[in-house]
Structure formats: C-alpha cells, structure tokens
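Colleague: Starting off with a structure, shown below.
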Amino acid sequence: MAQNERDEADAAIANGEAFKALYEHSAIGVALFSIGGRFLRANPALCRLLGYSEEELLQKTHLDIVHLDDLEATAVARAQVISGKAKPRLTERRYVHKDGSAIWAQASGIVVRDAAGAPLCTVLFVVDVTGLKTALRASKRRFRRLIEMGSDWYWVQDAEFRFVEVPGIALHEIDGDTDIVVGKARWELPGLAALPEKVWEQHRAKLARHESFSDFMFLRYNKAGELRYLSVSGEPLFDEHGNFRGYHGVGKDITERARGQKALEESERRYRMLFDGNPHPMWVVDAKSLAFLAVNDAAIRLYGYSKEEFLTLSAEQIRPEEDIDDLRKAFEDPADYRSRIWRHRKKNGDVIPVKITSFNLDFDGRRARLGVIEDLTERMQAEERAQQSERRYRELLAAQARGGG
C-alpha cells in the first residue's frame with residue numbers, strides 16, 4: 001500500500017476530532033478504503049466484528065470480506081457511488097468472518113472528495129445485525145409453530161384473491177398437491193361441494209371491502225372422494241403506503257368436529273322427539289334457580305299453562321307454600337336419581353298429587369334436573385273409593401254379626 005494513501009487516510013481521520021473519537025471508540029465498525037477498494041484503516045470495532053487484526057485487513061480489499069452471494073451487488077453499488085451515478089444508501093448485506101461464518105450487517109458509506117470533487121477515499125460504516133436476524137428467524141419459526149399447532153395450514157393470496165402460497169397443505173389429505181390450489185381463488189378450487197351462492201357472494205363482498213373474517217366454512221371433496229369440512233380465517237395485507245396487497249390466514253380441516261356436531265344435533269333432535277312427544281308430562285328445571293328451562297306438551301295440557309307462561313315460572317310457583325322448603329332441600333340433594341310424591345298447583349288453582357321421577361343432567365351448559373311427572377289424582381281417587389268400599393263392607397259385616405248375635 002502506497003504511503004501517500006495511508007497519509008491521506010490519516011489526514012481524513014485527523015480532520016475532525018469527533019470523527020476520530022467515533023473511529024476509535026464506537027461500537028460501529030468503521031473502515032477507510034482506497035478508491036481501488038483496498039483497506040487503508042479499520043477501527044477496533046470492525047476488527048472485532050470480522051475477527052481480523054487491522055494488519056491482516058490491510059492486506060485485503062473490501063470485496064475479500066463480502067459474502068459471495070452479495071459480492072456483485074456490493075461491487076456495482078460502490079462503483080456507482082464513487083462515480084456519482086448513485087447516492088450512498090443504507091444496505092443490508094453479509095460479510096464473512098475470519099472463521100468462515102456469515103455476519104449480517106447494515107452497511108452505509110461515504111466518498112471523501114477533494115476541493116475539486118475528485119474522490120480521495122471511501123469510508124464504510126458497519127452495524128452488526130446478526131443477532132437481530134437470528135432472533136427474527138427464531139420468531140418466524142415460533143410463528144410457524146403456532147400456526148402449525150393452531151391450524152392445518154397457512155395461506156397467502158394476492159390482490160385478486162388468488163392463492164400464491166399454501167405451505168403445509170400438501171401434508172393433509174384435503175388436496176394433496178399445492179399445484180391445484182395456487183393461482184386460484186377460493187371459490188375456483190376444484191371439487192367444491194354445493195354451497196348456496198349467497199354464501200359465496202357474502203364472502204366475496206367481505207373480501208372486496210378488505211375486511212378480516214373468521215371461521216368461513218365450505219365443503220370440498222378430497223382425492224379419495226371424501227367430503228371434507230374446511231374452515232378458514234384471514235386478514236388483509238397492506239404495504240407501507242396503505243395499498244391493498246392481498247390476504248393471509250390459516251385453514252383447518254374440521255370434518256371430525258362437524259360430523260360430531262351433526263351427530264350431536266341428530267341426538268338432540270331425537271331427544272326432542274322423545275321429550276316433546278312423550279305422553280308423560282316432562283320438564284327440565286335449573287338446579288340453582290329452579291326456573292323451568294323446557295317443558296313438553298303433556299305438561300302444558302296437565303297444568304294449563306302455555307309454554308311461554310311455563311318458561312317464566314319456577315318450580316316453587318306451582319307448589320303450595322308449605323312445601324317450598326322441602327323442594328329446596330330436595331334440589332340440594334346431589335343424588336342422580338330421585339322419586340317422590342308431591343303436591344302441585346295447576347293454573348286454575350286445583351292442587352293435585354303427583355309422583356316425580358327426576359334425573360341430573362347438563363342442559364345447555366347448566367346443571368339441571370329432568371323431571372317425569374305422573375298425575376296420581378285418578379289413582380288416589382280410585383284408592384279412596386276402594387277404601388270407602390272396604391270400610392262400608394266391613395261395617396256391613398259388623399252389623400250382620402251384631403244382628404245375628
């Protein structure tokens with residue numbers, strides 16, 4: 001290296017005390033280069049960053065420490081800045097440590113010129129962002145893991161709502177191949193099962209308004225011809241200027257859940273048929289408030305209340321006042337099954353004897369009891385008539401015995 005180039009570099013440093021302090025003590029890597037790109041000076045921070053001593057760096061050029069993948073872009077950018085065709089700008093690039101590892105850095109530079117504007121040397125400022133890049137990659141991995149745990153696949157669409165990326169979908173039997181998904185809008189996918197057009201219209205309208213959506217469900221046949229229930233959620237993407245760029249979101253195969261729900265609904269339908277059509281009066285009472293939660297037609301006929309009226313009442317309101325304490329104690333009993341004789345008051349004021357067989361159950365997430373009611377009025381009247389007949393018969397036998405004596 002020519003001594004005059006070193007002298008010019010030293011003069012550039014000495015021209016300002018502030019720059020000298022920055023050069024010597026800053027955590028930012030600083031280097032001076034000849035116009036040809038050879039190291040003239042390297043501060044302690046840059047030496048630590050690259051793992052070389054200053055003497056070792058003085059035997060190298062700028063391009064000797066640039067990562068191979070960034071070499072061409074770095075050389076072109078430097079040449080354009082020196083020639084004045086481009087202005088210096090902050091650039092993210094990779095450098096190579098002495099041990100061969102890659103270092104991510106944000107680099108910026110200036111050209112030092114003489115009074116006539118001729119370039120004398122260049123100055124490079126380097127900030128190590130390797131830790132930030134590593135943290136960002138880790139964050140992306142965590143994000144991807146969260147996506148994997150909370151959904152079956154992640155998807156990205158362009159501004160025309162066409163899929164451009166669907167990582168993870170090939171791992172599932174929904175499609176088997178991303179090629180039949182990429183480039184198509186959701187409603188253009190092959191194998192879609194019938195869905196009311198109004199549903200698709202509402203979905204497309206929401207996308208056109210660039211609104212977020214959640215749990216949009218549609219049906220699609222997989223390669224095996226099996227109908228699958230798919231649920232997707234998404235949110236719009238905008239660039240730094242607020243321009244709409246598309247959508248991204250997650251998707252999940254909810255077939256098993258949907259089938260379970262359908263089975264539950266079918267079970268609920270059968271239960272309703274058994275409950276509503278049962279000839280015995282039946283009701284469901286909240287175990288805490290004692291409010292009626294459901295009542296069948298047979299109970300409506302027996303007690304004289306309409307269904308709407310029943311659902312405004314509690315079990316306490318159809319009993320004589322003197323029986324209410326016993327009723328509350330009965331509901332405090334945790335037994336799953338109970339059977340007991342009670343007195344109930346009908347809407348017209350008549351008090352009737354009933355036998356209630358009740359069971360604990362969960363009703364729409366509430367602890368409740370299902371009661372099956374048997375009206376004992378006719379049975380007790382029949383028993384009373386039988387007892388009266390028995391008494392008269394015994395009285396007749398007694399009279400005959402006295403007469404015969």
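Labels used: A, B, ... for chains in the order of the structure tokens, numbers from 1 for residues in each chain, and numbers from 1 for ligands as shown.
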Which residues, written as number ranges by chain, have at least one atom at most 12 Å from stretch 206-211 of chain A, with only C-alpha atoms counted and residues fewer than 2 positions away on the same chain left out?

Modeller: A: 157-162, 185-186, 199-204, 213-214, 216, 233-238, 242-248

Colleague: Just list the residues in stretch 120-335 of chain A DSSP gives strand (DSSP E) on the backbone, as a PyMOL selection string.

Modeller: chain A and resi 120-128+153-157+163-165+213-221+227-238+244-253+282-286+292-295

Colleague: Between A:Lys355, A:Arg220, A:Lys133, A:His25, which one has atoms that come closest to A:Arg343, using only C-alpha atoms?

Modeller: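 With only C-alpha atoms as the atom set, the closest residue is A:Lys355.
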
Colleague: For a test of reading the model, state the distance in Å between atom CA of A:Asn296 and atom CA of A:Pro281, rounded to one decimal.

Modeller: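 Atom CA of A:Asn296 sits 6.4 Å away from atom CA of A:Pro281.
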
Colleague: Rounded to one decimal, what separation in Å do you get between atom CA of A:Arg366 and atom CA of A:Val295?

Modeller: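 Between atom CA of A:Arg366 and atom CA of A:Val295 the gap works out to 15.9 Å.
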
Colleague: For stretch 54-60 of chain A, find every residue with an atom within 6 Å (counting only C-alpha atoms), except residues of its own chain fewer than 2 positions away, and show them as a list of chain:residue names.

Modeller: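 After dropping sequence-adjacent residues, the list is A:Phe39, A:Ala42, A:Tyr52.
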
Colleague: Expressed in Å to a single decimal, how great is the separation between atom CA of A:Trp283 and atom CA of A:Gln381?

Modeller: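 Interatomic distance here is 25.1 Å.
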
Colleague: Restricting the calculation to only C-alpha atoms, which member of A:Ala118, A:Gln387, A:His67, A:Val126 is positioned closest to A:Thr91?

Modeller: A:Val126

Colleague: To test your reading of the structure, identify every residue in stretch 37-256 of chain A that backbone DSSP assigns to alpha helix (DSSP H), and report it as a PDB file with C-alpha atoms, in the first residue's frame.

Modeller:
ATOM      1  CA  PRO A  44     -11.228  -1.830  16.650  1.00  0.00           C
ATOM      2  CA  ALA A  45     -14.993  -2.470  16.373  1.00  0.00           C
ATOM      3  CA  LEU A  46     -14.697  -3.677  12.771  1.00  0.00           C
ATOM      4  CA  CYS A  47     -11.682  -5.838  13.647  1.00  0.00           C
ATOM      5  CA  ARG A  48     -13.675  -7.492  16.447  1.00  0.00           C
ATOM      6  CA  LEU A  49     -16.647  -7.976  14.148  1.00  0.00           C
ATOM      7  CA  LEU A  50     -14.629  -9.694  11.414  1.00  0.00           C
ATOM      8  CA  GLU A  54      -6.019  -4.323  11.420  1.00  0.00           C
ATOM      9  CA  GLU A  55      -2.713  -5.532   9.950  1.00  0.00           C
ATOM     10  CA  GLU A  56      -4.456  -8.553   8.427  1.00  0.00           C
ATOM     11  CA  LEU A  57      -7.220  -6.402   6.953  1.00  0.00           C
ATOM     12  CA  LEU A  71     -20.419  -9.694  -3.982  1.00  0.00           C
ATOM     13  CA  GLU A  72     -21.726  -8.467  -7.331  1.00  0.00           C
ATOM     14  CA  ALA A  73     -24.349  -6.115  -5.874  1.00  0.00           C
ATOM     15  CA  THR A  74     -21.764  -4.621  -3.498  1.00  0.00           C
ATOM     16  CA  ALA A  75     -19.217  -4.001  -6.258  1.00  0.00           C
ATOM     17  CA  VAL A  76     -21.793  -2.366  -8.535  1.00  0.00           C
ATOM     18  CA  ALA A  77     -23.203  -0.149  -5.767  1.00  0.00           C
ATOM     19  CA  ARG A  78     -19.720   1.036  -4.734  1.00  0.00           C
ATOM     20  CA  ALA A  79     -18.709   1.877  -8.273  1.00  0.00           C
ATOM     21  CA  GLN A  80     -21.896   3.876  -8.862  1.00  0.00           C
ATOM     22  CA  VAL A  81     -21.469   5.887  -5.647  1.00  0.00           C
ATOM     23  CA  ILE A  82     -17.814   6.721  -6.436  1.00  0.00           C
ATOM     24  CA  SER A  83     -18.764   7.784  -9.987  1.00  0.00           C
ATOM     25  CA  THR A 130     -26.672 -10.882  13.048  1.00  0.00           C
ATOM     26  CA  GLY A 131     -28.341 -11.192  16.449  1.00  0.00           C
ATOM     27  CA  LEU A 132     -31.431  -9.411  15.182  1.00  0.00           C
ATOM     28  CA  LYS A 133     -31.584 -11.653  12.117  1.00  0.00           C
ATOM     29  CA  THR A 134     -31.208 -14.738  14.298  1.00  0.00           C
ATOM     30  CA  ALA A 135     -33.953 -13.507  16.622  1.00  0.00           C
ATOM     31  CA  LEU A 136     -36.151 -12.761  13.614  1.00  0.00           C
ATOM     32  CA  ARG A 137     -35.645 -16.251  12.226  1.00  0.00           C
ATOM     33  CA  ALA A 138     -36.437 -17.719  15.636  1.00  0.00           C
ATOM     34  CA  SER A 139     -39.536 -15.550  15.818  1.00  0.00           C
ATOM     35  CA  LYS A 140     -40.613 -16.761  12.389  1.00  0.00           C
ATOM     36  CA  ARG A 141     -40.069 -20.353  13.478  1.00  0.00           C
ATOM     37  CA  ARG A 142     -42.170 -19.737  16.588  1.00  0.00           C
ATOM     38  CA  PHE A 143     -44.849 -18.109  14.456  1.00  0.00           C
ATOM     39  CA  ARG A 144     -44.831 -21.055  12.074  1.00  0.00           C
ATOM     40  CA  ARG A 145     -45.039 -23.436  15.022  1.00  0.00           C
ATOM     41  CA  LEU A 146     -48.012 -21.543  16.425  1.00  0.00           C
ATOM     42  CA  ILE A 147     -49.652 -21.755  13.005  1.00  0.00           C
ATOM     43  CA  GLU A 148     -48.999 -25.486  12.898  1.00  0.00           C
ATOM     44  CA  MET A 149     -50.394 -26.022  16.388  1.00  0.00           C
ATOM     45  CA  GLY A 150     -53.479 -23.856  15.879  1.00  0.00           C
ATOM     46  CA  GLU A 197     -74.422 -18.844  -3.978  1.00  0.00           C
ATOM     47  CA  LYS A 198     -75.489 -16.220  -1.469  1.00  0.00           C
ATOM     48  CA  VAL A 199     -72.886 -17.560   0.958  1.00  0.00           C
ATOM     49  CA  TRP A 200     -70.125 -17.112  -1.630  1.00  0.00           C
ATOM     50  CA  GLU A 201     -71.476 -13.671  -2.548  1.00  0.00           C
ATOM     51  CA  GLN A 202     -71.294 -12.537   1.064  1.00  0.00           C
ATOM     52  CA  HIS A 203     -67.756 -13.905   1.380  1.00  0.00           C
ATOM     53  CA  ARG A 204     -66.584 -12.172  -1.821  1.00  0.00           C
ATOM     54  CA  ALA A 205     -68.212  -8.920  -0.706  1.00  0.00           C
ATOM     55  CA  LYS A 206     -66.301  -9.027   2.587  1.00  0.00           C
ATOM     56  CA  LEU A 207     -63.047  -9.616   0.714  1.00  0.00           C
ATOM     57  CA  ALA A 208     -63.821  -6.726  -1.634  1.00  0.00           C
ATOM     58  CA  THR A 255     -64.539 -32.588   9.349  1.00  0.00           C
ATOM     59  CA  GLU A 256     -64.477 -34.638  12.547  1.00  0.00           C
TER      60      GLU A 256
END

Colleague: Can you tell me, as a ChimeraX atom specification, what residues are no more than 12 Å from A:Gly365 when counting only C-alpha atoms, ignoring any on the same chain fewer than 3 positions away?

Modeller: /A:286-287,293,361-362,368

Colleague: Take the residues from that selection and put them in a file with C-alpha atoms, as a PDB file, in the first residue's frame.

Modeller:
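So part.pdb came out as:
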ATOM      1  CA  ASP A 286     -82.474 -25.284  36.564  1.00  0.00           C
ATOM      2  CA  ALA A 287     -80.866 -26.874  39.631  1.00  0.00           C
ATOM      3  CA  LEU A 293     -85.894 -24.423  31.132  1.00  0.00           C
ATOM      4  CA  LEU A 361     -78.359 -33.640  33.543  1.00  0.00           C
ATOM      5  CA  ASP A 362     -76.393 -30.892  31.811  1.00  0.00           C
ATOM      6  CA  ALA A 368     -80.392 -29.095  35.753  1.00  0.00           C
TER       7      ALA A 368
END

Colleague: When you look at stretch 300-316 of chain A with a cut-off of 9 Å (counting only C-alpha atoms), what residues show up, excluding the ones that are within fewer than 6 positions of it in the same chain? I need them as a list in words.

Modeller: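 Here the qualifying residues turn out to be Pro281, Val285, Asp286, Ser289, Leu290, Ala291, Phe292, Leu293, Ala294, Asp323, Ile324, Leu327, Arg328, His344, Arg345, Lys346, Lys347, Asn348 and Asp375 of chain A.
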
Colleague: Please provide as a PyMOL selection string all residues within 6 Å of A:Pro353, with the sequence filter that same-chain residues fewer than 2 positions apart are discarded (counting only C-alpha atoms).

Modeller: chain A and resi 342-343+376-377

Colleague: Which residue, A:Val129, A:Val250, A:Ala107, A:Val182, has the smallest gap to A:Tyr154 when you use only C-alpha atoms?

Modeller: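 So, comparing all the options, the nearest one is A:Val250.
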
Colleague: Smallest atom-to-atom distance to A:Arg113: which of A:Ile35, A:His280, A:Leu68, A:Ala86, using only C-alpha atoms?

Modeller: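 Nearest to A:Arg113: A:Ile35.
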